[in-house]
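Trainee: Structure file model_21.txt (compact mmCIF, C-alpha atoms) is given on the next line.
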# COMPACT_ATOMS: atom_id res chain seq x y z
CA MET A 2 -5.55 137.83 -2.99
CA GLN A 3 -5.52 140.41 -5.77
CA SER A 4 -7.92 143.33 -5.88
CA GLU A 5 -10.29 143.73 -8.80
CA PHE A 6 -8.13 146.55 -10.17
CA GLU A 7 -4.97 144.41 -10.10
CA GLN A 8 -6.81 141.59 -11.87
CA ILE A 9 -7.99 143.96 -14.62
CA VAL A 10 -4.49 145.35 -15.08
CA GLU A 11 -2.98 141.87 -15.23
CA ARG A 12 -5.61 140.64 -17.68
CA HIS A 13 -5.58 143.62 -20.11
CA TYR A 14 -2.22 145.39 -19.80
CA ALA A 15 -0.38 143.56 -22.59
CA ALA A 16 -3.19 143.93 -25.12
CA LEU A 17 -3.69 147.61 -24.26
CA PHE A 18 0.04 148.28 -24.54
CA ARG A 19 0.18 146.60 -27.97
CA PHE A 20 -2.79 148.67 -29.13
CA ALA A 21 -1.20 151.87 -27.80
CA LEU A 22 2.08 150.96 -29.50
CA SER A 23 0.30 150.40 -32.81
CA LEU A 24 -1.32 153.83 -32.50
CA SER A 25 1.62 155.85 -31.24
CA GLY A 26 4.59 154.03 -32.74
CA SER A 27 6.63 154.78 -29.62
CA GLU A 28 7.16 152.54 -26.61
CA ALA A 29 7.38 155.53 -24.27
CA ASP A 30 4.13 157.03 -25.57
CA ALA A 31 2.44 153.62 -25.49
CA GLY A 32 3.47 153.17 -21.86
CA ASP A 33 2.18 156.63 -20.99
CA LEU A 34 -1.14 155.99 -22.75
CA THR A 35 -1.58 152.63 -21.05
CA GLN A 36 -0.79 154.09 -17.66
CA GLN A 37 -3.21 156.98 -18.27
CA VAL A 38 -5.99 154.56 -19.17
CA PHE A 39 -5.50 152.54 -15.99
CA TRP A 40 -5.47 155.77 -14.00
CA LEU A 41 -8.80 156.66 -15.64
CA TRP A 42 -10.11 153.21 -14.78
CA ALA A 43 -9.02 153.62 -11.16
CA SER A 44 -10.78 156.98 -10.91
CA LYS A 45 -13.89 156.34 -13.05
CA GLY A 46 -14.19 152.59 -13.51
CA ASP A 47 -16.78 152.26 -10.78
CA GLN A 48 -19.22 154.09 -13.06
CA LEU A 49 -19.28 151.14 -15.48
CA ARG A 50 -22.43 149.17 -14.71
CA ASP A 51 -21.81 146.12 -16.89
CA ARG A 52 -18.47 144.64 -15.77
CA SER A 53 -18.40 142.37 -18.84
CA LYS A 54 -17.58 145.48 -20.90
CA VAL A 55 -14.36 146.40 -19.05
CA LYS A 56 -12.16 145.45 -22.01
CA SER A 57 -14.08 147.55 -24.53
CA TRP A 58 -14.18 150.46 -22.05
CA LEU A 59 -10.41 150.32 -21.64
CA PHE A 60 -9.74 150.17 -25.39
CA THR A 61 -12.17 153.00 -26.08
CA ALA A 62 -10.60 155.11 -23.36
CA LEU A 63 -7.12 154.42 -24.73
CA HIS A 64 -8.17 155.44 -28.23
CA ARG A 65 -9.72 158.66 -26.91
CA GLU A 66 -6.59 159.46 -24.91
CA PHE A 67 -4.49 158.89 -28.02
CA LEU A 68 -6.68 161.24 -30.06
CA ASN A 69 -6.55 163.89 -27.31
CA ALA A 70 -2.76 163.61 -27.20
CA GLN A 71 -2.60 164.02 -30.97
CA ARG A 72 -4.79 167.14 -30.78
CA ARG A 73 -2.50 168.58 -28.09
CA ARG A 74 0.56 167.87 -30.23
CA VAL A 75 -0.98 169.66 -33.20
CA ARG A 76 -2.17 172.55 -31.06
CA PHE A 77 1.06 172.85 -29.04
CA PRO A 78 3.85 171.51 -31.24
CA HIS A 79 7.17 170.69 -29.63
CA LYS A 80 10.05 172.76 -30.92
CA GLU A 81 13.71 172.58 -30.12
CA LEU A 82 15.06 175.79 -28.65
CA GLU A 83 17.21 176.42 -31.72
CA GLU A 84 14.13 176.19 -33.98
CA ALA A 85 12.13 178.64 -31.86
CA ASP A 86 14.98 181.12 -31.43
CA ASN A 87 13.43 183.65 -33.81
CA GLU A 88 10.15 183.59 -31.85
CA LEU A 89 11.78 184.45 -28.53
CA PRO A 90 11.91 188.11 -27.59
CA THR A 91 15.29 189.68 -27.20
CA VAL A 92 16.06 191.24 -23.86
CA PRO A 93 18.62 194.03 -24.10
CA SER A 94 21.65 193.42 -21.90
CA MET A 95 21.07 196.71 -20.06
CA VAL A 96 17.93 195.20 -18.56
CA THR A 97 19.71 192.18 -17.15
CA GLU A 98 22.94 193.81 -16.01
CA GLY A 99 23.43 195.54 -12.70
CA TYR A 100 20.11 194.75 -11.07
CA ASN A 101 19.38 192.26 -8.38
CA ALA A 102 16.24 190.14 -8.33
CA ALA A 103 14.59 192.28 -5.64
CA GLU A 104 15.00 195.42 -7.77
CA VAL A 105 13.57 193.77 -10.84
CA LEU A 106 10.62 192.31 -8.89
CA ALA A 107 9.95 195.72 -7.29
CA ALA A 108 9.95 197.32 -10.73
CA LEU A 109 7.74 194.51 -12.09
CA ALA A 110 5.20 195.26 -9.35
CA LYS A 111 4.91 198.79 -10.77
CA VAL A 112 4.25 197.65 -14.35
CA ASP A 113 0.63 198.14 -15.50
CA GLU A 114 -1.54 195.11 -14.70
CA PRO A 115 -2.14 193.60 -18.16
CA TYR A 116 1.58 193.77 -18.94
CA ARG A 117 2.61 192.52 -15.49
CA GLY A 118 0.62 189.31 -15.86
CA ALA A 119 2.01 188.67 -19.33
CA LEU A 120 5.60 189.30 -18.22
CA SER A 121 5.21 187.15 -15.13
CA LEU A 122 3.80 184.18 -17.03
CA PHE A 123 6.31 184.45 -19.87
CA TYR A 124 9.52 185.22 -17.99
CA LEU A 125 8.99 184.08 -14.41
CA GLU A 126 6.82 181.02 -15.00
CA ASP A 127 8.39 180.07 -18.37
CA TYR A 128 5.12 179.64 -20.25
CA ALA A 129 5.24 179.80 -24.04
CA TYR A 130 3.31 182.62 -25.70
CA HIS A 131 0.41 180.38 -26.67
CA GLU A 132 0.18 178.83 -23.19
CA ALA A 133 0.27 182.22 -21.45
CA ALA A 134 -2.29 183.57 -23.93
CA GLU A 135 -4.59 180.66 -23.10
CA ILE A 136 -4.22 181.29 -19.36
CA LEU A 137 -4.95 185.00 -19.77
CA GLN A 138 -7.69 184.22 -22.30
CA VAL A 139 -6.30 186.57 -24.93
CA PRO A 140 -5.11 185.99 -28.51
CA VAL A 141 -1.43 185.11 -28.99
CA GLY A 142 -0.83 188.42 -30.79
CA THR A 143 -2.17 190.32 -27.78
CA MET A 144 0.09 188.28 -25.52
CA LYS A 145 3.16 189.12 -27.62
CA SER A 146 2.18 192.78 -27.61
CA ARG A 147 1.73 192.80 -23.83
CA VAL A 148 5.12 191.19 -23.29
CA SER A 149 6.77 193.72 -25.58
CA ARG A 150 5.06 196.71 -23.96
CA GLY A 151 5.69 195.28 -20.51
CA ILE A 152 9.41 194.98 -21.24
CA ALA A 153 9.48 198.61 -22.38
CA GLN A 154 7.71 199.71 -19.20
CA LEU A 155 10.00 197.60 -17.03
CA GLN A 156 13.06 199.09 -18.72
CA ASN A 157 11.81 202.61 -18.04
CA LEU A 158 11.12 201.77 -14.41
CA LEU A 159 14.57 200.26 -13.97
CA LYS A 160 16.16 203.40 -15.43
CA GLU A 161 14.64 205.56 -12.67
CA PRO A 162 17.53 206.91 -10.54
CA HIS A 163 16.09 205.94 -7.14
CA MET A 164 15.09 202.41 -8.22
CA GLY A 165 18.03 200.68 -6.54
CA GLU A 166 17.99 202.82 -3.40
CA THR A 167 16.42 201.54 -0.23
CA GLY A 168 14.76 203.34 2.61
CA PRO A 169 14.24 202.30 6.22
CA ARG A 170 14.22 198.54 6.83
CA GLY A 171 15.75 197.90 3.39
CA ARG A 172 12.53 198.61 1.51
CA PRO A 173 12.77 200.24 -1.94
CA ILE A 174 12.03 203.94 -2.07
Since I need it in another form, could you write the structure as structure tokens?
Mentor:
Amino acid sequence: MQSEFEQIVERHYAALFRFALSLSGSEADAGDLTQQVFWLWASKGDQLRDRSKVKSWLFTALHREFLNAQRRRVRFPHKELEEADNELPTVPSMVTEGYNAAEVLAALAKVDEPYRGALSLFYLEDYAYHEAAEILQVPVGTMKSRVSRGIAQLQNLLKEPHMGETGPRGRPI
């Protein structure tokens, strides 16, 4: 015997998928939207008091999910790496050559706090400028500035003569 959820999926999946396809124009996006709507139903469907309105709830939810996805696409447009090449900061080769990860992380720990967070999100966690700016709750321009200043500070720290030397127990001096 099928559960109520399985019955709802079986009854409305095809129509929801067609609607999602008409909105998105892509089978992959339509499948994602449809799946998202059924996930929403599984997590929030019990809040619907009048079960005769399941179909309209599902279609409304799908339309809202589509609009939210469109807003995200406008706000965070997808760019190919070649297109965004001019937006990426250049890292001089002297920074990347001759240092091991432990040395760089030790130097990063000495970078001033606002720059450290920006560098960590941008380089270590691979967030785009706008995503890292949102996380840090600063404007994108401030984020770019912090990354630039953080790189300069990191370079200076890595130039220090005792940076690569270790003391007792292999800890940096």
Trainee: One decimal, Å: what's the distance from CA of Gly118 in chain A over to CA of Arg74 in chain A, could you say?
Mentor: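 Computing the Euclidean distance for CA of Gly118 in chain A and CA of Arg74 in chain A yields 25.8 Å.
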Trainee: Report, in Å to a single decimal, how far apart CA of Gln154 in chain A and CA of Tyr116 in chain A are.
Mentor: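 Spanning CA of Tyr116 in chain A to CA of Gln154 in chain A is a straight-line distance of 8.5 Å.
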Trainee: Tell me, as a PyMOL selection string, which residues lie within 9 Å of range 21-37 of chain A, counting all atoms listed in the file; anything in the same chain fewer than 6 positions away does not count.
Mentor: chain A and resi 14+63-64+66-67+70
Trainee: Between CA of Val141 in chain A and CA of Lys80 in chain A, what is the spacing in Å?
Mentor: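 Pair CA of Lys80 in chain A / CA of Val141 in chain A returns 17.0 Å.
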Trainee: Within 12 Å of Ser146 in chain A, counting only C-alpha atoms, which residues show up once you throw out same-chain ones fewer than 5 positions away? Write them as a CSV table (one decimal) with C-alpha atoms, in the frame of the given file, please.
Mentor:
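Output file part_5.csv is given in full below:
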chain,number,residue,atom,x,y,z
A,90,PRO,CA,11.9,188.1,-27.6
A,115,PRO,CA,-2.1,193.6,-18.2
A,116,TYR,CA,1.6,193.8,-18.9
A,119,ALA,CA,2.0,188.7,-19.3
A,120,LEU,CA,5.6,189.3,-18.2
A,130,TYR,CA,3.3,182.6,-25.7
A,134,ALA,CA,-2.3,183.6,-23.9
A,139,VAL,CA,-6.3,186.6,-24.9
A,140,PRO,CA,-5.1,186.0,-28.5
A,141,VAL,CA,-1.4,185.1,-29.0
A,151,GLY,CA,5.7,195.3,-20.5
A,152,ILE,CA,9.4,195.0,-21.2
A,153,ALA,CA,9.5,198.6,-22.4
Trainee: Considering all atoms listed in the file, state which residue in the set A:Arg150, A:Asn101, A:Lys145, A:Ile9 is at the smallest distance from Ser53 in chain A.
Mentor: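 With all atoms listed in the file as the atom set, the closest residue is A:Ile9.
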Trainee: Since the input is missing atoms for range 42-77 of chain A, could you rebuild it with N, CA and C atoms and give the result as a compact mmCIF listing (two decimals), keeping the file's coordinate frame?
Mentor:
# COMPACT_ATOMS: atom_id res chain seq x y z
N TRP A 42 -9.30 154.31 -15.30
CA TRP A 42 -10.11 153.21 -14.78
C TRP A 42 -10.18 153.27 -13.26
N ALA A 43 -9.05 153.56 -12.62
CA ALA A 43 -9.02 153.62 -11.16
C ALA A 43 -9.91 154.74 -10.65
N SER A 44 -9.99 155.85 -11.39
CA SER A 44 -10.78 156.98 -10.91
C SER A 44 -12.23 156.95 -11.38
N LYS A 45 -12.52 156.31 -12.52
CA LYS A 45 -13.89 156.34 -13.05
C LYS A 45 -14.49 154.97 -13.33
N GLY A 46 -13.72 153.93 -13.16
CA GLY A 46 -14.19 152.59 -13.51
C GLY A 46 -15.42 152.13 -12.76
N ASP A 47 -15.61 152.66 -11.57
CA ASP A 47 -16.78 152.26 -10.78
C ASP A 47 -18.09 152.71 -11.41
N GLN A 48 -18.01 153.60 -12.40
CA GLN A 48 -19.22 154.09 -13.06
C GLN A 48 -19.73 153.10 -14.12
N LEU A 49 -18.89 152.13 -14.49
CA LEU A 49 -19.28 151.14 -15.48
C LEU A 49 -20.22 150.12 -14.83
N ARG A 50 -21.43 150.04 -15.33
CA ARG A 50 -22.43 149.17 -14.71
C ARG A 50 -22.26 147.71 -15.12
N ASP A 51 -21.94 147.48 -16.39
CA ASP A 51 -21.81 146.12 -16.89
C ASP A 51 -20.32 145.75 -16.91
N ARG A 52 -19.88 144.98 -15.93
CA ARG A 52 -18.47 144.64 -15.77
C ARG A 52 -17.96 143.76 -16.91
N SER A 53 -18.85 143.18 -17.71
CA SER A 53 -18.40 142.37 -18.84
C SER A 53 -17.84 143.25 -19.97
N LYS A 54 -18.03 144.56 -19.86
CA LYS A 54 -17.58 145.48 -20.90
C LYS A 54 -16.31 146.23 -20.51
N VAL A 55 -15.59 145.75 -19.52
CA VAL A 55 -14.36 146.40 -19.05
C VAL A 55 -13.36 146.52 -20.20
N LYS A 56 -13.16 145.44 -20.94
CA LYS A 56 -12.16 145.45 -22.01
C LYS A 56 -12.49 146.51 -23.06
N SER A 57 -13.72 146.55 -23.51
CA SER A 57 -14.08 147.55 -24.53
C SER A 57 -13.98 148.97 -23.96
N TRP A 58 -14.31 149.15 -22.69
CA TRP A 58 -14.18 150.46 -22.05
C TRP A 58 -12.72 150.90 -22.05
N LEU A 59 -11.83 150.00 -21.68
CA LEU A 59 -10.41 150.32 -21.64
C LEU A 59 -9.86 150.68 -23.02
N PHE A 60 -10.23 149.89 -24.04
CA PHE A 60 -9.74 150.17 -25.39
C PHE A 60 -10.31 151.48 -25.94
N THR A 61 -11.56 151.74 -25.65
CA THR A 61 -12.17 153.00 -26.08
C THR A 61 -11.49 154.18 -25.39
N ALA A 62 -11.27 154.05 -24.11
CA ALA A 62 -10.60 155.11 -23.36
C ALA A 62 -9.19 155.35 -23.89
N LEU A 63 -8.47 154.27 -24.21
CA LEU A 63 -7.12 154.42 -24.73
C LEU A 63 -7.15 155.15 -26.08
N HIS A 64 -8.07 154.78 -26.93
CA HIS A 64 -8.17 155.44 -28.23
C HIS A 64 -8.49 156.92 -28.06
N ARG A 65 -9.39 157.25 -27.16
CA ARG A 65 -9.72 158.66 -26.91
C ARG A 65 -8.52 159.42 -26.36
N GLU A 66 -7.78 158.81 -25.46
CA GLU A 66 -6.59 159.46 -24.91
C GLU A 66 -5.55 159.70 -26.00
N PHE A 67 -5.41 158.72 -26.90
CA PHE A 67 -4.49 158.89 -28.02
C PHE A 67 -4.91 160.07 -28.89
N LEU A 68 -6.19 160.14 -29.23
CA LEU A 68 -6.68 161.24 -30.06
C LEU A 68 -6.51 162.59 -29.36
N ASN A 69 -6.76 162.64 -28.06
CA ASN A 69 -6.55 163.89 -27.31
C ASN A 69 -5.09 164.29 -27.32
N ALA A 70 -4.19 163.31 -27.18
CA ALA A 70 -2.76 163.61 -27.20
C ALA A 70 -2.35 164.12 -28.58
N GLN A 71 -2.90 163.55 -29.62
CA GLN A 71 -2.60 164.02 -30.97
C GLN A 71 -3.09 165.46 -31.17
N ARG A 72 -4.27 165.76 -30.68
CA ARG A 72 -4.79 167.14 -30.78
C ARG A 72 -3.88 168.12 -30.03
N ARG A 73 -3.41 167.71 -28.85
CA ARG A 73 -2.50 168.58 -28.09
C ARG A 73 -1.19 168.79 -28.85
N ARG A 74 -0.69 167.73 -29.48
CA ARG A 74 0.56 167.87 -30.23
C ARG A 74 0.40 168.81 -31.41
N VAL A 75 -0.74 168.76 -32.08
CA VAL A 75 -0.98 169.66 -33.20
C VAL A 75 -1.15 171.09 -32.69
N ARG A 76 -1.88 171.22 -31.62
CA ARG A 76 -2.17 172.55 -31.06
C ARG A 76 -0.94 173.17 -30.41
N PHE A 77 -0.14 172.37 -29.73
CA PHE A 77 1.06 172.85 -29.04
C PHE A 77 2.26 172.04 -29.52
